[in-house]
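Q: Please see the structure below; I have some questions.
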Amino acid sequence: MSKDDAQEENGVLFWVNKSGFPIDDATWERMWDHVAKIHPDGYDMIRKVKDKPNLPQIPIPQAPLSFGPAVSIPDHLKKIQDYMNELQYNHTGTQFFEIRKNRPISGLMESAKEMIREALPIKCLEAVILGIFLTNGMLGVERFTLSFKTVFKGHIHRHVVLGISHGGRYGAIGMSRRVDLMYKPMEFKNLADLVFDFERCYMSYWHSVKKVKVGLPIIHDQHSYELINWKALAVNMSKSSKKEISRDLEIHSRRMKSLAKSWTSGPYASVKMLGSVDTMKDIHSTEEASPVRLRRSHSEHSAKIVARKDYTGDDSYQVRI
């Protein structure tokens, strides 16, 4: 596995689809080989699924692009999380959408639109980009990246979610193999409470949280050429006391509020809500049947049947987050 074609998540290397869509034959074959190696039935499973014309069609989730004024912000965020859950976590060993963190926001938002069109399973980094797109224009909602570095039995694991701030409360949306390491309802009084809750959940999987990185607020402009700040604050969880961590996070949260407040009187004060006819047409304009759409059921079907056992008590198993 070459460095250029692979990335790492939670201490596990995985392939990245760099061929775009439709997915090329080499990428498909590489994905099938990986699935066969990790599935209990090996290549017998592949023969039962691959290129079979009578596989059941997988329903295509509908992205929550438009909400009426009666829908509260917490309910809106829950529907976005429910949508990502419908897409499912990607267990195939191949990330379908290439995400370059140093790409401008406008380019990353194009990747988010592609995720909605193709409706394939996603990983945590893809979920962050999709979450940014689906929360653009939500007035009073500030988004920031929240990254974790943990250690389990000497192995380093990394994870990222999209932190959310609204009305003096904090929460998060994202994707993970573990249900308590992605979505957090808007019920935390401050940023420190949110971070400590993630740490508590990690401890239940015997992971030690070493570092937490917090980004800066992400602008509500899907056409912006700005870059996402992924690391405005780095907190050493293993070498700092809870009091010190709380203090640093509180200072940073005030910094984020100050930045966000400056936008309300600037050029982004009148950013339109998502869900316009033009936006939805833009997303769905290429949804006509294509090779990748026709083969989508094969890919997702293989993702569903990959073993997903929670080996929480087996010392030989690397707990994946």
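By convention in this document, the chains of the structure tokens carry letters A, B, ... by their order, each chain's residues are numbered from 1, and ligands are numbered from 1 in the order they are shown.
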For A:Val141, please output as a list of chain:residue names all residues within 10 Å (counting only C-alpha atoms; exclusion window: fewer than 4 positions along the same chain).
A: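 After dropping sequence-adjacent residues, the list is A:Ile73, A:Thr135, A:Asn136, A:Gly137, A:Ile164, A:Ser165, A:His166, A:Gly167, A:Tyr170, A:Pro217, A:His220, A:Ala260.
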Q: With N, CA and C atoms retained, export the selected residues as a PDB file, in the first residue's frame.
A:
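Result went into result25.pdb, see below:
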```pdb
ATOM      1  N   ILE A  73     -33.050  24.247  15.978  1.00  0.00           N
ATOM      2  CA  ILE A  73     -31.669  23.931  15.620  1.00  0.00           C
ATOM      3  C   ILE A  73     -31.275  22.535  16.121  1.00  0.00           C
ATOM      4  N   THR A 135     -24.876  22.244   7.327  1.00  0.00           N
ATOM      5  CA  THR A 135     -25.168  23.246   8.355  1.00  0.00           C
ATOM      6  C   THR A 135     -24.881  24.659   7.872  1.00  0.00           C
ATOM      7  N   ASN A 136     -24.409  24.815   6.636  1.00  0.00           N
ATOM      8  CA  ASN A 136     -24.172  26.158   6.099  1.00  0.00           C
ATOM      9  C   ASN A 136     -25.465  26.957   6.117  1.00  0.00           C
ATOM     10  N   GLY A 137     -25.386  28.184   6.576  1.00  0.00           N
ATOM     11  CA  GLY A 137     -26.548  29.049   6.569  1.00  0.00           C
ATOM     12  C   GLY A 137     -27.457  28.908   7.768  1.00  0.00           C
ATOM     13  N   ILE A 164     -20.251  21.700  17.336  1.00  0.00           N
ATOM     14  CA  ILE A 164     -21.322  22.653  17.063  1.00  0.00           C
ATOM     15  C   ILE A 164     -21.547  23.522  18.306  1.00  0.00           C
ATOM     16  N   SER A 165     -21.720  24.825  18.079  1.00  0.00           N
ATOM     17  CA  SER A 165     -22.052  25.747  19.163  1.00  0.00           C
ATOM     18  C   SER A 165     -23.270  26.561  18.758  1.00  0.00           C
ATOM     19  N   HIS A 166     -24.250  26.638  19.663  1.00  0.00           N
ATOM     20  CA  HIS A 166     -25.453  27.430  19.385  1.00  0.00           C
ATOM     21  C   HIS A 166     -26.150  27.772  20.695  1.00  0.00           C
ATOM     22  N   GLY A 167     -26.480  29.042  20.864  1.00  0.00           N
ATOM     23  CA  GLY A 167     -27.241  29.460  22.027  1.00  0.00           C
ATOM     24  C   GLY A 167     -26.580  29.145  23.350  1.00  0.00           C
ATOM     25  N   TYR A 170     -23.199  23.354  23.488  1.00  0.00           N
ATOM     26  CA  TYR A 170     -22.283  22.675  22.582  1.00  0.00           C
ATOM     27  C   TYR A 170     -22.739  21.248  22.307  1.00  0.00           C
ATOM     28  N   PRO A 217     -13.828  28.733  14.085  1.00  0.00           N
ATOM     29  CA  PRO A 217     -15.146  28.697  13.436  1.00  0.00           C
ATOM     30  C   PRO A 217     -15.019  28.651  11.917  1.00  0.00           C
ATOM     31  N   HIS A 220     -19.694  30.488   7.045  1.00  0.00           N
ATOM     32  CA  HIS A 220     -20.930  30.027   6.406  1.00  0.00           C
ATOM     33  C   HIS A 220     -20.985  30.514   4.954  1.00  0.00           C
ATOM     34  N   ALA A 260     -16.724  34.694  15.491  1.00  0.00           N
ATOM     35  CA  ALA A 260     -18.044  34.502  14.901  1.00  0.00           C
ATOM     36  C   ALA A 260     -18.867  35.778  14.972  1.00  0.00           C
TER      37      ALA A 260
END
```
Q: Using DSSP on the backbone, list every residue of stretch 13-175 of chain A that comes out as alpha helix (DSSP H), and give them as a PDB file with C-alpha atoms, in the first residue's frame.
A:
```pdb
ATOM      1  CA  ASP A  25     -11.901  -1.263 -12.344  1.00  0.00           C
ATOM      2  CA  ALA A  26      -8.560  -1.285 -10.508  1.00  0.00           C
ATOM      3  CA  THR A  27     -10.082   0.453  -7.486  1.00  0.00           C
ATOM      4  CA  TRP A  28     -13.049  -1.924  -7.459  1.00  0.00           C
ATOM      5  CA  GLU A  29     -10.807  -4.997  -7.582  1.00  0.00           C
ATOM      6  CA  ARG A  30      -8.586  -3.629  -4.817  1.00  0.00           C
ATOM      7  CA  MET A  31     -11.648  -3.046  -2.652  1.00  0.00           C
ATOM      8  CA  TRP A  32     -13.031  -6.545  -3.258  1.00  0.00           C
ATOM      9  CA  ASP A  33      -9.656  -8.093  -2.387  1.00  0.00           C
ATOM     10  CA  HIS A  34      -9.525  -6.168   0.890  1.00  0.00           C
ATOM     11  CA  VAL A  35     -13.063  -7.148   1.861  1.00  0.00           C
ATOM     12  CA  ALA A  36     -12.334 -10.802   1.088  1.00  0.00           C
ATOM     13  CA  LYS A  37      -9.302 -10.729   3.381  1.00  0.00           C
ATOM     14  CA  ILE A  38     -11.182  -9.366   6.391  1.00  0.00           C
ATOM     15  CA  TYR A  43     -13.776 -15.079  -1.282  1.00  0.00           C
ATOM     16  CA  ASP A  44     -16.889 -17.232  -0.870  1.00  0.00           C
ATOM     17  CA  MET A  45     -18.693 -14.046   0.152  1.00  0.00           C
ATOM     18  CA  ILE A  46     -17.308 -12.217  -2.892  1.00  0.00           C
ATOM     19  CA  ARG A  47     -18.621 -14.888  -5.254  1.00  0.00           C
ATOM     20  CA  LYS A  48     -22.099 -14.594  -3.725  1.00  0.00           C
ATOM     21  CA  VAL A  49     -22.246 -10.814  -4.155  1.00  0.00           C
ATOM     22  CA  ILE A  73     -31.669  23.931  15.620  1.00  0.00           C
ATOM     23  CA  PRO A  74     -31.199  20.798  17.821  1.00  0.00           C
ATOM     24  CA  ASP A  75     -33.830  18.931  15.779  1.00  0.00           C
ATOM     25  CA  HIS A  76     -32.218  20.112  12.557  1.00  0.00           C
ATOM     26  CA  LEU A  77     -28.824  18.802  13.685  1.00  0.00           C
ATOM     27  CA  LYS A  78     -30.352  15.483  14.754  1.00  0.00           C
ATOM     28  CA  LYS A  79     -31.875  15.057  11.290  1.00  0.00           C
ATOM     29  CA  ILE A  80     -28.498  15.741   9.705  1.00  0.00           C
ATOM     30  CA  GLN A  81     -26.947  13.086  11.951  1.00  0.00           C
ATOM     31  CA  ASP A  82     -29.757  10.660  11.119  1.00  0.00           C
ATOM     32  CA  TYR A  83     -29.046  11.224   7.425  1.00  0.00           C
ATOM     33  CA  MET A  84     -25.353  10.440   7.880  1.00  0.00           C
ATOM     34  CA  ASN A  85     -26.298   7.336   9.849  1.00  0.00           C
ATOM     35  CA  GLU A  86     -28.427   6.237   6.901  1.00  0.00           C
ATOM     36  CA  LEU A  87     -25.394   6.555   4.644  1.00  0.00           C
ATOM     37  CA  ILE A 105     -13.811  25.413   1.529  1.00  0.00           C
ATOM     38  CA  SER A 106     -15.379  25.839  -1.923  1.00  0.00           C
ATOM     39  CA  GLY A 107     -13.626  22.721  -3.184  1.00  0.00           C
ATOM     40  CA  LEU A 108     -14.516  20.692  -0.098  1.00  0.00           C
ATOM     41  CA  MET A 109     -18.163  21.686  -0.504  1.00  0.00           C
ATOM     42  CA  GLU A 110     -18.082  20.223  -4.017  1.00  0.00           C
ATOM     43  CA  SER A 111     -16.952  16.960  -2.426  1.00  0.00           C
ATOM     44  CA  ALA A 112     -19.920  17.184  -0.032  1.00  0.00           C
ATOM     45  CA  LYS A 113     -22.319  17.587  -2.954  1.00  0.00           C
ATOM     46  CA  GLU A 114     -20.745  14.518  -4.545  1.00  0.00           C
ATOM     47  CA  MET A 115     -21.330  12.542  -1.321  1.00  0.00           C
ATOM     48  CA  ILE A 116     -25.017  13.438  -1.469  1.00  0.00           C
ATOM     49  CA  ARG A 117     -25.301  12.465  -5.142  1.00  0.00           C
ATOM     50  CA  GLU A 118     -23.547   9.110  -4.769  1.00  0.00           C
ATOM     51  CA  CYS A 124     -15.244  10.417   9.919  1.00  0.00           C
ATOM     52  CA  LEU A 125     -13.356  13.000   7.843  1.00  0.00           C
ATOM     53  CA  GLU A 126     -15.923  12.821   5.052  1.00  0.00           C
ATOM     54  CA  ALA A 127     -18.694  13.237   7.638  1.00  0.00           C
ATOM     55  CA  VAL A 128     -17.117  16.471   8.885  1.00  0.00           C
ATOM     56  CA  ILE A 129     -17.125  17.945   5.367  1.00  0.00           C
ATOM     57  CA  LEU A 130     -20.679  16.766   4.734  1.00  0.00           C
ATOM     58  CA  GLY A 131     -21.754  18.191   8.095  1.00  0.00           C
ATOM     59  CA  ILE A 132     -20.265  21.582   7.224  1.00  0.00           C
ATOM     60  CA  PHE A 133     -22.195  21.655   3.969  1.00  0.00           C
ATOM     61  CA  LEU A 134     -25.500  20.665   5.554  1.00  0.00           C
ATOM     62  CA  THR A 135     -25.168  23.246   8.355  1.00  0.00           C
TER      63      THR A 135
END
```
Q: Give me the residues near stretch 200-215 of chain A as a PDB file with all heavy atoms, in the first residue's frame, where near means some atom within 8 Å (using only C-alpha atoms) and where sequence neighbours in that chain fewer than 5 positions away do not count.
A:
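Ended up saving to part.pdb:
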```pdb
ATOM      1  N   PHE A 144     -16.878  23.943  14.201  1.00  0.00           N
ATOM      2  CA  PHE A 144     -15.430  23.869  14.355  1.00  0.00           C
ATOM      3  C   PHE A 144     -15.045  22.399  14.409  1.00  0.00           C
ATOM      4  O   PHE A 144     -15.839  21.548  14.807  1.00  0.00           O
ATOM      5  CB  PHE A 144     -14.970  24.585  15.634  1.00  0.00           C
ATOM      6  CG  PHE A 144     -15.663  24.096  16.891  1.00  0.00           C
ATOM      7  CD1 PHE A 144     -15.114  23.078  17.652  1.00  0.00           C
ATOM      8  CD2 PHE A 144     -16.872  24.651  17.284  1.00  0.00           C
ATOM      9  CE1 PHE A 144     -15.756  22.616  18.795  1.00  0.00           C
ATOM     10  CE2 PHE A 144     -17.521  24.206  18.432  1.00  0.00           C
ATOM     11  CZ  PHE A 144     -16.970  23.179  19.187  1.00  0.00           C
ATOM     12  N   THR A 145     -13.847  22.095  13.978  1.00  0.00           N
ATOM     13  CA  THR A 145     -13.395  20.709  13.997  1.00  0.00           C
ATOM     14  C   THR A 145     -12.862  20.353  15.380  1.00  0.00           C
ATOM     15  O   THR A 145     -12.263  21.178  16.069  1.00  0.00           O
ATOM     16  CB  THR A 145     -12.308  20.464  12.946  1.00  0.00           C
ATOM     17  OG1 THR A 145     -11.188  21.316  13.201  1.00  0.00           O
ATOM     18  CG2 THR A 145     -12.846  20.729  11.549  1.00  0.00           C
ATOM     19  N   LEU A 146     -13.098  19.111  15.765  1.00  0.00           N
ATOM     20  CA  LEU A 146     -12.662  18.595  17.063  1.00  0.00           C
ATOM     21  C   LEU A 146     -11.980  17.253  16.804  1.00  0.00           C
ATOM     22  O   LEU A 146     -12.626  16.259  16.454  1.00  0.00           O
ATOM     23  CB  LEU A 146     -13.875  18.421  17.979  1.00  0.00           C
ATOM     24  CG  LEU A 146     -13.658  18.210  19.483  1.00  0.00           C
ATOM     25  CD1 LEU A 146     -12.844  19.353  20.071  1.00  0.00           C
ATOM     26  CD2 LEU A 146     -14.997  18.100  20.189  1.00  0.00           C
ATOM     27  N   SER A 147     -10.644  17.240  16.935  1.00  0.00           N
ATOM     28  CA  SER A 147      -9.852  16.055  16.585  1.00  0.00           C
ATOM     29  C   SER A 147      -9.267  15.409  17.838  1.00  0.00           C
ATOM     30  O   SER A 147      -8.852  16.104  18.767  1.00  0.00           O
ATOM     31  CB  SER A 147      -8.711  16.442  15.637  1.00  0.00           C
ATOM     32  OG  SER A 147      -9.201  17.147  14.511  1.00  0.00           O
ATOM     33  N   PHE A 148      -9.217  14.073  17.819  1.00  0.00           N
ATOM     34  CA  PHE A 148      -8.736  13.316  18.975  1.00  0.00           C
ATOM     35  C   PHE A 148      -7.586  12.403  18.574  1.00  0.00           C
ATOM     36  O   PHE A 148      -7.636  11.746  17.534  1.00  0.00           O
ATOM     37  CB  PHE A 148      -9.858  12.471  19.570  1.00  0.00           C
ATOM     38  CG  PHE A 148     -11.040  13.266  20.038  1.00  0.00           C
ATOM     39  CD1 PHE A 148     -12.099  13.530  19.174  1.00  0.00           C
ATOM     40  CD2 PHE A 148     -11.089  13.766  21.330  1.00  0.00           C
ATOM     41  CE1 PHE A 148     -13.184  14.280  19.596  1.00  0.00           C
ATOM     42  CE2 PHE A 148     -12.176  14.509  21.760  1.00  0.00           C
ATOM     43  CZ  PHE A 148     -13.231  14.769  20.895  1.00  0.00           C
ATOM     44  N   LYS A 149      -6.574  12.362  19.426  1.00  0.00           N
ATOM     45  CA  LYS A 149      -5.487  11.384  19.294  1.00  0.00           C
ATOM     46  C   LYS A 149      -5.523  10.522  20.550  1.00  0.00           C
ATOM     47  O   LYS A 149      -5.358  11.023  21.656  1.00  0.00           O
ATOM     48  CB  LYS A 149      -4.143  12.089  19.164  1.00  0.00           C
ATOM     49  CG  LYS A 149      -2.952  11.136  19.102  1.00  0.00           C
ATOM     50  CD  LYS A 149      -1.640  11.899  19.045  1.00  0.00           C
ATOM     51  CE  LYS A 149      -0.447  10.974  19.060  1.00  0.00           C
ATOM     52  NZ  LYS A 149       0.841  11.716  19.040  1.00  0.00           N
ATOM     53  N   THR A 150      -5.755   9.232  20.352  1.00  0.00           N
ATOM     54  CA  THR A 150      -5.846   8.322  21.491  1.00  0.00           C
ATOM     55  C   THR A 150      -4.857   7.175  21.318  1.00  0.00           C
ATOM     56  O   THR A 150      -4.344   6.929  20.224  1.00  0.00           O
ATOM     57  CB  THR A 150      -7.270   7.747  21.631  1.00  0.00           C
ATOM     58  OG1 THR A 150      -7.556   6.898  20.499  1.00  0.00           O
ATOM     59  CG2 THR A 150      -8.303   8.860  21.695  1.00  0.00           C
ATOM     60  N   VAL A 151      -4.613   6.469  22.420  1.00  0.00           N
ATOM     61  CA  VAL A 151      -3.702   5.320  22.397  1.00  0.00           C
ATOM     62  C   VAL A 151      -4.395   4.124  23.030  1.00  0.00           C
ATOM     63  O   VAL A 151      -5.009   4.237  24.103  1.00  0.00           O
ATOM     64  CB  VAL A 151      -2.389   5.631  23.145  1.00  0.00           C
ATOM     65  CG1 VAL A 151      -1.519   4.380  23.228  1.00  0.00           C
ATOM     66  CG2 VAL A 151      -1.635   6.753  22.448  1.00  0.00           C
ATOM     67  N   PHE A 152      -4.300   2.985  22.352  1.00  0.00           N
ATOM     68  CA  PHE A 152      -4.809   1.726  22.889  1.00  0.00           C
ATOM     69  C   PHE A 152      -3.749   0.655  22.682  1.00  0.00           C
ATOM     70  O   PHE A 152      -3.378   0.334  21.555  1.00  0.00           O
ATOM     71  CB  PHE A 152      -6.109   1.327  22.185  1.00  0.00           C
ATOM     72  CG  PHE A 152      -6.634  -0.019  22.596  1.00  0.00           C
ATOM     73  CD1 PHE A 152      -7.256  -0.190  23.822  1.00  0.00           C
ATOM     74  CD2 PHE A 152      -6.499  -1.124  21.759  1.00  0.00           C
ATOM     75  CE1 PHE A 152      -7.733  -1.424  24.205  1.00  0.00           C
ATOM     76  CE2 PHE A 152      -6.978  -2.366  22.136  1.00  0.00           C
ATOM     77  CZ  PHE A 152      -7.594  -2.521  23.358  1.00  0.00           C
ATOM     78  N   ASP A 180     -21.342   6.474  20.512  1.00  0.00           N
ATOM     79  CA  ASP A 180     -21.112   7.553  21.471  1.00  0.00           C
ATOM     80  C   ASP A 180     -19.856   8.363  21.173  1.00  0.00           C
ATOM     81  O   ASP A 180     -19.440   9.194  21.972  1.00  0.00           O
ATOM     82  CB  ASP A 180     -21.056   7.006  22.908  1.00  0.00           C
ATOM     83  CG  ASP A 180     -20.091   5.849  23.075  1.00  0.00           C
ATOM     84  OD1 ASP A 180     -19.481   5.428  22.073  1.00  0.00           O
ATOM     85  OD2 ASP A 180     -19.946   5.348  24.210  1.00  0.00           O
ATOM     86  N   LEU A 181     -19.251   8.127  20.022  1.00  0.00           N
ATOM     87  CA  LEU A 181     -18.069   8.901  19.629  1.00  0.00           C
ATOM     88  C   LEU A 181     -18.311   9.690  18.350  1.00  0.00           C
ATOM     89  O   LEU A 181     -17.388   9.961  17.584  1.00  0.00           O
ATOM     90  CB  LEU A 181     -16.859   7.977  19.462  1.00  0.00           C
ATOM     91  CG  LEU A 181     -16.310   7.377  20.754  1.00  0.00           C
ATOM     92  CD1 LEU A 181     -15.193   6.388  20.469  1.00  0.00           C
ATOM     93  CD2 LEU A 181     -15.821   8.461  21.705  1.00  0.00           C
ATOM     94  N   ILE A 228      -9.933  25.663   6.063  1.00  0.00           N
ATOM     95  CA  ILE A 228     -10.411  25.309   7.401  1.00  0.00           C
ATOM     96  C   ILE A 228      -9.219  25.273   8.347  1.00  0.00           C
ATOM     97  O   ILE A 228      -8.187  24.675   8.034  1.00  0.00           O
ATOM     98  CB  ILE A 228     -11.124  23.946   7.386  1.00  0.00           C
ATOM     99  CG1 ILE A 228     -12.399  24.020   6.558  1.00  0.00           C
ATOM    100  CG2 ILE A 228     -11.443  23.479   8.806  1.00  0.00           C
ATOM    101  CD1 ILE A 228     -13.096  22.674   6.379  1.00  0.00           C
ATOM    102  N   ASN A 229      -9.360  25.927   9.479  1.00  0.00           N
ATOM    103  CA  ASN A 229      -8.324  25.849  10.510  1.00  0.00           C
ATOM    104  C   ASN A 229      -8.639  24.636  11.381  1.00  0.00           C
ATOM    105  O   ASN A 229      -9.615  24.623  12.115  1.00  0.00           O
ATOM    106  CB  ASN A 229      -8.312  27.125  11.359  1.00  0.00           C
ATOM    107  CG  ASN A 229      -7.158  27.158  12.348  1.00  0.00           C
ATOM    108  OD1 ASN A 229      -6.896  26.195  13.054  1.00  0.00           O
ATOM    109  ND2 ASN A 229      -6.468  28.281  12.401  1.00  0.00           N
ATOM    110  N   TRP A 230      -7.797  23.614  11.296  1.00  0.00           N
ATOM    111  CA  TRP A 230      -8.027  22.354  11.995  1.00  0.00           C
ATOM    112  C   TRP A 230      -7.333  22.299  13.357  1.00  0.00           C
ATOM    113  O   TRP A 230      -7.607  21.414  14.158  1.00  0.00           O
ATOM    114  CB  TRP A 230      -7.522  21.180  11.153  1.00  0.00           C
ATOM    115  CG  TRP A 230      -8.177  21.050   9.817  1.00  0.00           C
ATOM    116  CD1 TRP A 230      -7.865  21.737   8.684  1.00  0.00           C
ATOM    117  CD2 TRP A 230      -9.259  20.187   9.464  1.00  0.00           C
ATOM    118  NE1 TRP A 230      -8.682  21.344   7.644  1.00  0.00           N
ATOM    119  CE2 TRP A 230      -9.545  20.391   8.097  1.00  0.00           C
ATOM    120  CE3 TRP A 230     -10.010  19.226  10.175  1.00  0.00           C
ATOM    121  CZ2 TRP A 230     -10.548  19.704   7.422  1.00  0.00           C
ATOM    122  CZ3 TRP A 230     -11.011  18.539   9.498  1.00  0.00           C
ATOM    123  CH2 TRP A 230     -11.276  18.768   8.146  1.00  0.00           C
ATOM    124  N   LYS A 231      -6.430  23.250  13.605  1.00  0.00           N
ATOM    125  CA  LYS A 231      -5.601  23.138  14.816  1.00  0.00           C
ATOM    126  C   LYS A 231      -5.282  24.510  15.378  1.00  0.00           C
ATOM    127  O   LYS A 231      -4.138  24.944  15.395  1.00  0.00           O
ATOM    128  CB  LYS A 231      -4.313  22.373  14.489  1.00  0.00           C
ATOM    129  CG  LYS A 231      -3.419  22.088  15.695  1.00  0.00           C
ATOM    130  CD  LYS A 231      -2.109  21.471  15.247  1.00  0.00           C
ATOM    131  CE  LYS A 231      -1.143  21.325  16.414  1.00  0.00           C
ATOM    132  NZ  LYS A 231       0.158  20.754  16.005  1.00  0.00           N
ATOM    133  N   ALA A 232      -6.304  25.206  15.853  1.00  0.00           N
ATOM    134  CA  ALA A 232      -6.062  26.505  16.482  1.00  0.00           C
ATOM    135  C   ALA A 232      -5.628  26.313  17.931  1.00  0.00           C
ATOM    136  O   ALA A 232      -4.916  27.159  18.484  1.00  0.00           O
ATOM    137  CB  ALA A 232      -7.331  27.352  16.421  1.00  0.00           C
ATOM    138  N   LEU A 233      -6.066  25.212  18.532  1.00  0.00           N
ATOM    139  CA  LEU A 233      -5.695  24.908  19.918  1.00  0.00           C
ATOM    140  C   LEU A 233      -5.403  23.418  20.031  1.00  0.00           C
ATOM    141  O   LEU A 233      -6.189  22.588  19.556  1.00  0.00           O
ATOM    142  CB  LEU A 233      -6.839  25.274  20.873  1.00  0.00           C
ATOM    143  CG  LEU A 233      -6.643  24.846  22.338  1.00  0.00           C
ATOM    144  CD1 LEU A 233      -5.532  25.665  22.980  1.00  0.00           C
ATOM    145  CD2 LEU A 233      -7.944  24.982  23.123  1.00  0.00           C
ATOM    146  N   ALA A 234      -4.265  23.083  20.627  1.00  0.00           N
ATOM    147  CA  ALA A 234      -3.908  21.690  20.887  1.00  0.00           C
ATOM    148  C   ALA A 234      -3.779  21.504  22.393  1.00  0.00           C
ATOM    149  O   ALA A 234      -2.972  22.178  23.039  1.00  0.00           O
ATOM    150  CB  ALA A 234      -2.609  21.322  20.182  1.00  0.00           C
ATOM    151  N   VAL A 235      -4.581  20.614  22.949  1.00  0.00           N
ATOM    152  CA  VAL A 235      -4.592  20.374  24.390  1.00  0.00           C
ATOM    153  C   VAL A 235      -3.963  19.019  24.677  1.00  0.00           C
ATOM    154  O   VAL A 235      -4.388  17.995  24.113  1.00  0.00           O
ATOM    155  CB  VAL A 235      -6.029  20.409  24.948  1.00  0.00           C
ATOM    156  CG1 VAL A 235      -6.022  20.142  26.450  1.00  0.00           C
ATOM    157  CG2 VAL A 235      -6.688  21.747  24.646  1.00  0.00           C
ATOM    158  N   ASN A 236      -2.948  19.011  25.530  1.00  0.00           N
ATOM    159  CA  ASN A 236      -2.314  17.764  25.940  1.00  0.00           C
ATOM    160  C   ASN A 236      -3.093  17.205  27.124  1.00  0.00           C
ATOM    161  O   ASN A 236      -2.918  17.632  28.260  1.00  0.00           O
ATOM    162  CB  ASN A 236      -0.849  18.003  26.313  1.00  0.00           C
ATOM    163  CG  ASN A 236      -0.072  16.719  26.446  1.00  0.00           C
ATOM    164  OD1 ASN A 236      -0.589  15.716  26.951  1.00  0.00           O
ATOM    165  ND2 ASN A 236       1.175  16.733  26.003  1.00  0.00           N
ATOM    166  N   MET A 237      -3.969  16.238  26.840  1.00  0.00           N
ATOM    167  CA  MET A 237      -4.867  15.707  27.867  1.00  0.00           C
ATOM    168  C   MET A 237      -4.139  14.881  28.921  1.00  0.00           C
ATOM    169  O   MET A 237      -4.599  14.769  30.061  1.00  0.00           O
ATOM    170  CB  MET A 237      -5.957  14.872  27.214  1.00  0.00           C
ATOM    171  CG  MET A 237      -6.802  15.606  26.190  1.00  0.00           C
ATOM    172  SD  MET A 237      -7.894  16.844  26.915  1.00  0.00           S
ATOM    173  CE  MET A 237      -9.145  15.783  27.654  1.00  0.00           C
ATOM    174  N   SER A 238      -3.018  14.282  28.552  1.00  0.00           N
ATOM    175  CA  SER A 238      -2.318  13.387  29.465  1.00  0.00           C
ATOM    176  C   SER A 238      -1.362  14.115  30.398  1.00  0.00           C
ATOM    177  O   SER A 238      -0.944  13.567  31.420  1.00  0.00           O
ATOM    178  CB  SER A 238      -1.551  12.318  28.674  1.00  0.00           C
ATOM    179  OG  SER A 238      -0.594  12.926  27.808  1.00  0.00           O
ATOM    180  N   THR A 312     -15.052  -6.148  22.577  1.00  0.00           N
ATOM    181  CA  THR A 312     -14.622  -5.271  23.661  1.00  0.00           C
ATOM    182  C   THR A 312     -13.856  -6.004  24.743  1.00  0.00           C
ATOM    183  O   THR A 312     -13.273  -5.382  25.617  1.00  0.00           O
ATOM    184  CB  THR A 312     -15.844  -4.593  24.299  1.00  0.00           C
ATOM    185  OG1 THR A 312     -16.761  -5.611  24.725  1.00  0.00           O
ATOM    186  CG2 THR A 312     -16.526  -3.679  23.298  1.00  0.00           C
ATOM    187  N   VAL A 319      -9.177  -2.309  19.320  1.00  0.00           N
ATOM    188  CA  VAL A 319     -10.452  -1.617  19.376  1.00  0.00           C
ATOM    189  C   VAL A 319     -10.428  -0.435  18.409  1.00  0.00           C
ATOM    190  O   VAL A 319      -9.627   0.480  18.551  1.00  0.00           O
ATOM    191  CB  VAL A 319     -10.752  -1.110  20.798  1.00  0.00           C
ATOM    192  CG1 VAL A 319     -12.078  -0.372  20.828  1.00  0.00           C
ATOM    193  CG2 VAL A 319     -10.810  -2.298  21.753  1.00  0.00           C
TER     194      VAL A 319
END
```
Q: Pick from A:Glu199, A:Glu142, A:Glu226, A:Glu244: nearest to A:Lys261, with only C-alpha atoms counted?
A: A:Glu142
Q: So that I can check the secondary structure, give me every residue of stretch 8-241 of chain A assigned strand (DSSP E) by backbone DSSP, as a PyMOL selection string.
A: chain A and resi 8-9+12-16+94-95+142-152+155-166+169-173+184-188+208-214+233-236
Q: Mind pulling up the distance from atom CA of A:His157 to atom CA of A:Met182?
A: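 Result for atom CA of A:Met182 versus atom CA of A:His157: 14.9 Å, one decimal.
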Q: Counting only C-alpha atoms, what is within 8 Å of A:Gln88, bar same-chain residues fewer than 4 positions away, as a CSV table (one decimal) with all heavy atoms, in the first residue's frame?
A:
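Dumped everything to part23.csv:
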```
chain,number,residue,atom,x,y,z
A,84,MET,N,-26.7,11.0,8.0
A,84,MET,CA,-25.4,10.4,7.9
A,84,MET,C,-25.4,9.0,8.4
A,84,MET,O,-24.7,8.1,7.8
A,84,MET,CB,-24.3,11.3,8.6
A,84,MET,CG,-24.1,12.6,8.0
A,84,MET,SD,-22.6,13.5,8.6
A,84,MET,CE,-23.1,14.0,10.2
A,120,LEU,N,-23.0,7.0,-0.8
A,120,LEU,CA,-22.2,5.9,-0.4
A,120,LEU,C,-21.8,6.0,1.0
A,120,LEU,O,-21.8,7.1,1.6
A,120,LEU,CB,-20.9,5.8,-1.3
A,120,LEU,CG,-21.2,5.4,-2.8
A,120,LEU,CD1,-19.9,5.6,-3.6
A,120,LEU,CD2,-21.7,4.0,-2.9
A,121,PRO,N,-21.4,4.9,1.7
A,121,PRO,CA,-20.9,5.0,3.1
A,121,PRO,C,-19.7,5.9,3.2
A,121,PRO,O,-18.9,6.1,2.3
A,121,PRO,CB,-20.5,3.5,3.4
A,121,PRO,CG,-21.3,2.7,2.5
A,121,PRO,CD,-21.4,3.5,1.2
A,122,ILE,N,-19.6,6.5,4.4
A,122,ILE,CA,-18.5,7.5,4.6
A,122,ILE,C,-17.8,7.3,5.9
A,122,ILE,O,-18.2,6.5,6.8
A,122,ILE,CB,-19.1,9.0,4.7
A,122,ILE,CG1,-20.2,9.1,5.8
A,122,ILE,CG2,-19.7,9.4,3.3
A,122,ILE,CD1,-20.8,10.4,6.0
```
Q: Between A:Lys184, A:Arg103, A:His155, A:Lys257, which residue has the minimum interatomic distance to A:Gly168, considering only C-alpha atoms?
A: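 Closest residue, counting only C-alpha atoms: A:Lys257.
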